[in-house]
Amino acid sequence: MRRLQLLAPVLAALAVFCATPAQSQVPSTIKLVVGYPPGGSVDTLARLLGQALQDSLKTTVVVDNRPGAGGRLAAAQFKRAATDGSEIMIAPNALTTVQSLVYADKLGYSVLDDFVPVAKLASYPFALSVPASSNIRTANDLTAWVKANRAQASYGSSGAGGTSHFAGLMFAKAANIEWDHIPYKGGAPLVTDLVGGHIGVGVDTLIDHIEHARAGRIRIVGLFSQKRYALAPEVPTLAEQGIKGLDIEGWFGAFVPAGTAPATVARLDEALGRVLADPAFKARLNKLVIETSYLNSSDFRKLQAAELQTWAPVVRNSGFKPD
């Protein structure tokens, strides 16, 4: 007993010493890497997330915008980022899923081998829209018009090789129609042409279309989902109009470089989950028509792999080859 009493101070000091590395795991500054310019939906989400993470992790969190090549430039750089949890890439599945398949032979990284999925953060649906002046009001109206006017039938997307591009192809297959694809350089010019009536149909995220639809400038024919979106319940789905099999979800996720310690991944996962569960944070995202949609690291990894398998034949069968 006397020996134990003498050893007690030593054991206590040892416990403090061993605890120190775990406590110092949180870096003094964390960068949220965003492969897009300021002002877009990915950047906006990252900034809201950064503010919340600062409070959760008791450290400084900054957003590091690295725009270029639809996010691929930042992803290529991120492959070589520090593995101590000081850099987290915030990316949409347009980058990590669709573009990974479209540009498979041109990338200097592999999303499965070079990045570790930390958590799925939020999600949103895709919309098929027409100008407010259009006579097309339903999916059946649209398919009937396309079949009667094949030479003029086309749809616009926010860019060649993106999710909206392939969503339009999937709609054509499900509706048994044929139409041409017109790529735009982003969602803003596509919406501008829809509002002006310069293009008959546009496919892009609900985030980009909902405000214009609610203001009466465009009409959303339907969502690429199986059920109505809770944040826009007034918008019908394509499924309820008879166009089955289309369930295209856009999402934002958090990633760290391969080689990051499992304990670091778990710590970040837990912190992100805590932020996403906060009602105040959810409310801020909801105002942007974005819904929190948390998945932990393990489940997020499964989703990533499943989506790559789902989209691979769509991309392959499209015959699309990037320049």
# chains A, B, ... in the order shown; residues from 1 in each chain; ligands from 1
>>> residues_around(residues="region 205-219 of chain A", least_positions_apart="4", cutoff="7 Å", atoms="only C-alpha atoms", output="ChimeraX atom specification")
/A:124-127,129-132,187,194-195,289
>>> closest_atom_pairs(of="region 259-315 of chain A", to="region 94-102 of chain A", cutoff="7 Å", atoms="only C-alpha atoms", output="CSV")
residue,atom,partner,partner_atom,distance
A:Glu307,CA,A:Thr97,CA,6.7
A:Leu308,CA,A:Thr97,CA,5.7
A:Trp311,CA,A:Val98,CA,6.9
A:Ala312,CA,A:Leu101,CA,6.5
A:Val315,CA,A:Val102,CA,6.6
>>> write_last_selection(atoms="C-alpha atoms", output="compact mmCIF listing (two decimals), in the first residue's frame")
# COMPACT_ATOMS: atom_id res chain seq x y z
CA GLU A 307 -22.63 6.25 -56.56
CA LEU A 308 -19.56 5.59 -58.65
CA TRP A 311 -23.04 6.61 -62.57
CA ALA A 312 -20.32 4.64 -64.40
CA VAL A 315 -21.31 8.19 -68.31
>>> residues_around(residues="Gly202 (chain A)", least_positions_apart="2", cutoff="6 Å", atoms="only C-alpha atoms", output="VMD selection string")
chain A and resid 128 to 129 155 to 157
>>> select_by_dssp(residues="region 173-252 of chain A", states="alpha helix (DSSP H)", output="PyMOL selection string")
chain A and resi 173-175+187-196+206-214
>>> residues_around(residues="region 245-262 of chain A", least_positions_apart="2", cutoff="6 Å", atoms="only C-alpha atoms", output="list in words")
Lys79, Thr83, Ile88, Met89, Ile90, Ala91, Pro92, Asn93, Asp114, Phe115, Val116, Pro117, Val118, Ala119, Lys120, Leu121, Ala122, Ser123, Tyr124, Pro125, Phe224, Ser225, Gln226, Thr264 and Val265 of chain A
>>> write_last_selection(atoms="N, CA and C atoms", output="mmCIF file, in the first residue's frame")
data_model
loop_
_atom_site.group_PDB
_atom_site.id
_atom_site.type_symbol
_atom_site.label_atom_id
_atom_site.label_comp_id
_atom_site.auth_asym_id
_atom_site.auth_seq_id
_atom_site.Cartn_x
_atom_site.Cartn_y
_atom_site.Cartn_z
ATOM 1 N N LYS A 79 -4.625 16.290 -52.688
ATOM 2 C CA LYS A 79 -4.025 14.960 -52.558
ATOM 3 C C LYS A 79 -2.741 15.013 -51.736
ATOM 4 N N THR A 83 -1.795 15.625 -43.358
ATOM 5 C CA THR A 83 -2.680 14.571 -42.867
ATOM 6 C C THR A 83 -2.964 14.681 -41.365
ATOM 7 N N ILE A 88 -9.339 20.294 -44.725
ATOM 8 C CA ILE A 88 -10.527 19.496 -45.040
ATOM 9 C C ILE A 88 -11.096 20.020 -46.357
ATOM 10 N N MET A 89 -11.297 19.134 -47.312
ATOM 11 C CA MET A 89 -11.893 19.555 -48.584
ATOM 12 C C MET A 89 -13.412 19.422 -48.509
ATOM 13 N N ILE A 90 -14.107 20.504 -48.839
ATOM 14 C CA ILE A 90 -15.568 20.496 -48.928
ATOM 15 C C ILE A 90 -15.918 20.436 -50.409
ATOM 16 N N ALA A 91 -16.581 19.367 -50.819
ATOM 17 C CA ALA A 91 -16.806 19.160 -52.248
ATOM 18 C C ALA A 91 -18.180 18.560 -52.520
ATOM 19 N N PRO A 92 -18.750 18.869 -53.687
ATOM 20 C CA PRO A 92 -20.016 18.257 -54.088
ATOM 21 C C PRO A 92 -19.756 16.949 -54.827
ATOM 22 N N ASN A 93 -20.779 16.112 -54.933
ATOM 23 C CA ASN A 93 -20.587 14.864 -55.669
ATOM 24 C C ASN A 93 -20.466 15.089 -57.163
ATOM 25 N N ASP A 114 -7.074 8.354 -52.796
ATOM 26 C CA ASP A 114 -6.326 9.512 -52.297
ATOM 27 C C ASP A 114 -7.081 10.364 -51.280
ATOM 28 N N PHE A 115 -8.397 10.131 -51.132
ATOM 29 C CA PHE A 115 -9.184 10.906 -50.178
ATOM 30 C C PHE A 115 -9.931 9.977 -49.226
ATOM 31 N N VAL A 116 -10.079 10.424 -48.000
ATOM 32 C CA VAL A 116 -10.867 9.688 -47.003
ATOM 33 C C VAL A 116 -12.170 10.450 -46.769
ATOM 34 N N PRO A 117 -13.326 9.837 -47.029
ATOM 35 C CA PRO A 117 -14.597 10.507 -46.736
ATOM 36 C C PRO A 117 -14.774 10.661 -45.224
ATOM 37 N N VAL A 118 -14.968 11.879 -44.770
ATOM 38 C CA VAL A 118 -15.153 12.135 -43.338
ATOM 39 C C VAL A 118 -16.625 12.119 -42.970
ATOM 40 N N ALA A 119 -17.437 12.855 -43.731
ATOM 41 C CA ALA A 119 -18.873 12.925 -43.440
ATOM 42 C C ALA A 119 -19.613 13.523 -44.626
ATOM 43 N N LYS A 120 -20.794 13.004 -44.873
ATOM 44 C CA LYS A 120 -21.716 13.665 -45.800
ATOM 45 C C LYS A 120 -22.394 14.775 -45.020
ATOM 46 N N LEU A 121 -22.510 15.961 -45.631
ATOM 47 C CA LEU A 121 -22.958 17.132 -44.896
ATOM 48 C C LEU A 121 -24.393 17.548 -45.207
ATOM 49 N N ALA A 122 -24.710 17.661 -46.484
ATOM 50 C CA ALA A 122 -26.008 18.204 -46.870
ATOM 51 C C ALA A 122 -26.369 17.716 -48.262
ATOM 52 N N SER A 123 -27.640 17.878 -48.626
ATOM 53 C CA SER A 123 -28.088 17.399 -49.931
ATOM 54 C C SER A 123 -29.140 18.321 -50.530
ATOM 55 N N TYR A 124 -29.397 18.114 -51.815
ATOM 56 C CA TYR A 124 -30.370 18.934 -52.552
ATOM 57 C C TYR A 124 -30.736 18.184 -53.829
ATOM 58 N N PRO A 125 -31.941 18.423 -54.375
ATOM 59 C CA PRO A 125 -32.345 17.745 -55.603
ATOM 60 C C PRO A 125 -32.010 18.556 -56.854
ATOM 61 N N PHE A 224 -35.932 15.613 -59.939
ATOM 62 C CA PHE A 224 -35.375 14.283 -60.191
ATOM 63 C C PHE A 224 -35.282 13.519 -58.870
ATOM 64 N N SER A 225 -36.409 13.229 -58.273
ATOM 65 C CA SER A 225 -36.411 12.529 -56.991
ATOM 66 C C SER A 225 -37.686 11.712 -56.848
ATOM 67 N N GLN A 226 -37.683 10.810 -55.877
ATOM 68 C CA GLN A 226 -38.808 9.912 -55.681
ATOM 69 C C GLN A 226 -39.894 10.524 -54.795
ATOM 70 N N THR A 264 -8.030 10.868 -36.062
ATOM 71 C CA THR A 264 -8.273 12.234 -36.540
ATOM 72 C C THR A 264 -9.554 12.289 -37.357
ATOM 73 N N VAL A 265 -9.750 11.288 -38.217
ATOM 74 C CA VAL A 265 -10.977 11.210 -39.013
ATOM 75 C C VAL A 265 -12.191 11.130 -38.092
#
>>> select_by_dssp(residues="region 81-221 of chain A", states="strand (DSSP E or B)", output="PyMOL selection string")
chain A and resi 87-92+115-131+154-157+180-183+202-205+218-221
>>> residues_around(residues="region 234-239 of chain A", least_positions_apart="2", cutoff="8 Å", atoms="only C-alpha atoms", output="number ranges by chain")
A: 139, 220-229, 232, 241-246
>>> write_last_selection(atoms="N, CA, C and O atoms", output="tab-separated table (two decimals), in the first residue's frame")
chain	number	residue	atom	x	y	z
A	139	ALA	N	-44.52	17.04	-67.11
A	139	ALA	CA	-43.58	16.17	-67.81
A	139	ALA	C	-44.20	15.59	-69.07
A	139	ALA	O	-43.52	15.42	-70.09
A	220	ILE	N	-40.73	25.33	-62.69
A	220	ILE	CA	-40.10	24.02	-62.48
A	220	ILE	C	-41.12	22.94	-62.81
A	220	ILE	O	-42.16	22.83	-62.16
A	221	VAL	N	-40.82	22.15	-63.82
A	221	VAL	CA	-41.72	21.07	-64.24
A	221	VAL	C	-41.68	19.92	-63.24
A	221	VAL	O	-42.71	19.32	-62.93
A	222	GLY	N	-40.49	19.59	-62.74
A	222	GLY	CA	-40.40	18.50	-61.78
A	222	GLY	C	-39.00	18.31	-61.24
A	222	GLY	O	-38.02	18.82	-61.80
A	223	LEU	N	-38.91	17.58	-60.14
A	223	LEU	CA	-37.64	17.25	-59.51
A	223	LEU	C	-37.23	15.82	-59.85
A	223	LEU	O	-38.07	14.94	-59.98
A	224	PHE	N	-35.93	15.61	-59.94
A	224	PHE	CA	-35.37	14.28	-60.19
A	224	PHE	C	-35.28	13.52	-58.87
A	224	PHE	O	-34.19	13.19	-58.39
A	225	SER	N	-36.41	13.23	-58.27
A	225	SER	CA	-36.41	12.53	-56.99
A	225	SER	C	-37.69	11.71	-56.85
A	225	SER	O	-38.64	11.89	-57.60
A	226	GLN	N	-37.68	10.81	-55.88
A	226	GLN	CA	-38.81	9.91	-55.68
A	226	GLN	C	-39.89	10.52	-54.80
A	226	GLN	O	-41.04	10.08	-54.82
A	227	LYS	N	-39.52	11.52	-54.01
A	227	LYS	CA	-40.52	12.17	-53.17
A	227	LYS	C	-40.26	13.68	-53.16
A	227	LYS	O	-39.16	14.13	-53.46
A	228	ARG	N	-41.29	14.42	-52.81
A	228	ARG	CA	-41.17	15.88	-52.80
A	228	ARG	C	-40.14	16.33	-51.77
A	228	ARG	O	-39.95	15.71	-50.73
A	229	TYR	N	-39.50	17.41	-52.08
A	229	TYR	CA	-38.45	17.95	-51.24
A	229	TYR	C	-39.07	18.77	-50.12
A	229	TYR	O	-39.90	19.66	-50.37
A	232	ALA	N	-39.19	22.53	-50.42
A	232	ALA	CA	-39.94	23.09	-51.54
A	232	ALA	C	-41.09	22.15	-51.87
A	232	ALA	O	-41.17	21.59	-52.97
A	241	GLN	N	-45.23	12.13	-61.89
A	241	GLN	CA	-45.82	12.43	-63.20
A	241	GLN	C	-45.60	11.29	-64.20
A	241	GLN	O	-45.84	11.45	-65.39
A	242	GLY	N	-45.11	10.16	-63.68
A	242	GLY	CA	-44.98	8.98	-64.53
A	242	GLY	C	-43.61	8.72	-65.09
A	242	GLY	O	-43.39	7.72	-65.78
A	243	ILE	N	-42.63	9.61	-64.83
A	243	ILE	CA	-41.25	9.40	-65.31
A	243	ILE	C	-40.49	8.71	-64.19
A	243	ILE	O	-39.97	9.35	-63.26
A	244	LYS	N	-40.43	7.40	-64.24
A	244	LYS	CA	-39.90	6.61	-63.14
A	244	LYS	C	-38.37	6.40	-63.23
A	244	LYS	O	-37.78	6.55	-64.28
A	245	GLY	N	-37.81	6.02	-62.08
A	245	GLY	CA	-36.41	5.60	-62.03
A	245	GLY	C	-35.40	6.71	-61.93
A	245	GLY	O	-34.20	6.46	-61.99
A	246	LEU	N	-35.85	7.96	-61.75
A	246	LEU	CA	-34.91	9.08	-61.65
A	246	LEU	C	-34.82	9.55	-60.20
A	246	LEU	O	-35.77	10.09	-59.66
>>> residues_around(residues="Leu45 (chain A)", least_positions_apart="3", cutoff="9 Å", atoms="only C-alpha atoms", output="MDAnalysis selection string")
chainID A and resid 40:42 48:50 90 122 252 285
>>> closest_residue(among="A:Leu73, A:Ala52, A:Val63, A:Ala305", to="Leu32 (chain A)", atoms="only C-alpha atoms")
A:Val63
>>> residues_around(residues="Ala148 (chain A)", least_positions_apart="5", cutoff="12 Å", atoms="only C-alpha atoms", output="PyMOL selection string")
chain A and resi 141-143+153+177-179
>>> write_last_selection(atoms="N, CA and C atoms", output="PDB file, in the first residue's frame")
ATOM      1  N   ASP A 141     -46.474  17.059 -70.949  1.00  0.00           N
ATOM      2  CA  ASP A 141     -46.454  18.148 -71.930  1.00  0.00           C
ATOM      3  C   ASP A 141     -45.091  18.200 -72.620  1.00  0.00           C
ATOM      4  N   LEU A 142     -44.041  18.073 -71.809  1.00  0.00           N
ATOM      5  CA  LEU A 142     -42.689  18.171 -72.341  1.00  0.00           C
ATOM      6  C   LEU A 142     -42.377  17.032 -73.304  1.00  0.00           C
ATOM      7  N   THR A 143     -42.654  15.802 -72.887  1.00  0.00           N
ATOM      8  CA  THR A 143     -42.336  14.659 -73.752  1.00  0.00           C
ATOM      9  C   THR A 143     -43.142  14.715 -75.047  1.00  0.00           C
ATOM     10  N   ALA A 153     -35.792  20.135 -80.427  1.00  0.00           N
ATOM     11  CA  ALA A 153     -35.772  19.696 -79.024  1.00  0.00           C
ATOM     12  C   ALA A 153     -34.358  19.708 -78.453  1.00  0.00           C
ATOM     13  N   ILE A 177     -37.474   9.641 -75.145  1.00  0.00           N
ATOM     14  CA  ILE A 177     -37.377  10.743 -76.110  1.00  0.00           C
ATOM     15  C   ILE A 177     -35.914  10.925 -76.509  1.00  0.00           C
ATOM     16  N   GLU A 178     -35.690  11.772 -77.504  1.00  0.00           N
ATOM     17  CA  GLU A 178     -34.342  12.160 -77.901  1.00  0.00           C
ATOM     18  C   GLU A 178     -34.285  13.674 -77.980  1.00  0.00           C
ATOM     19  N   TRP A 179     -33.234  14.243 -77.422  1.00  0.00           N
ATOM     20  CA  TRP A 179     -33.030  15.673 -77.551  1.00  0.00           C
ATOM     21  C   TRP A 179     -31.553  15.999 -77.451  1.00  0.00           C
TER      22      TRP A 179
END
>>> atom_distance(atom1="CA of Tyr109 (chain A)", atom2="CA of Glu291 (chain A)")
29.2 Å
>>> atom_distance(atom1="CA of Gln54 (chain A)", atom2="CA of Asp299 (chain A)")
25.0 Å
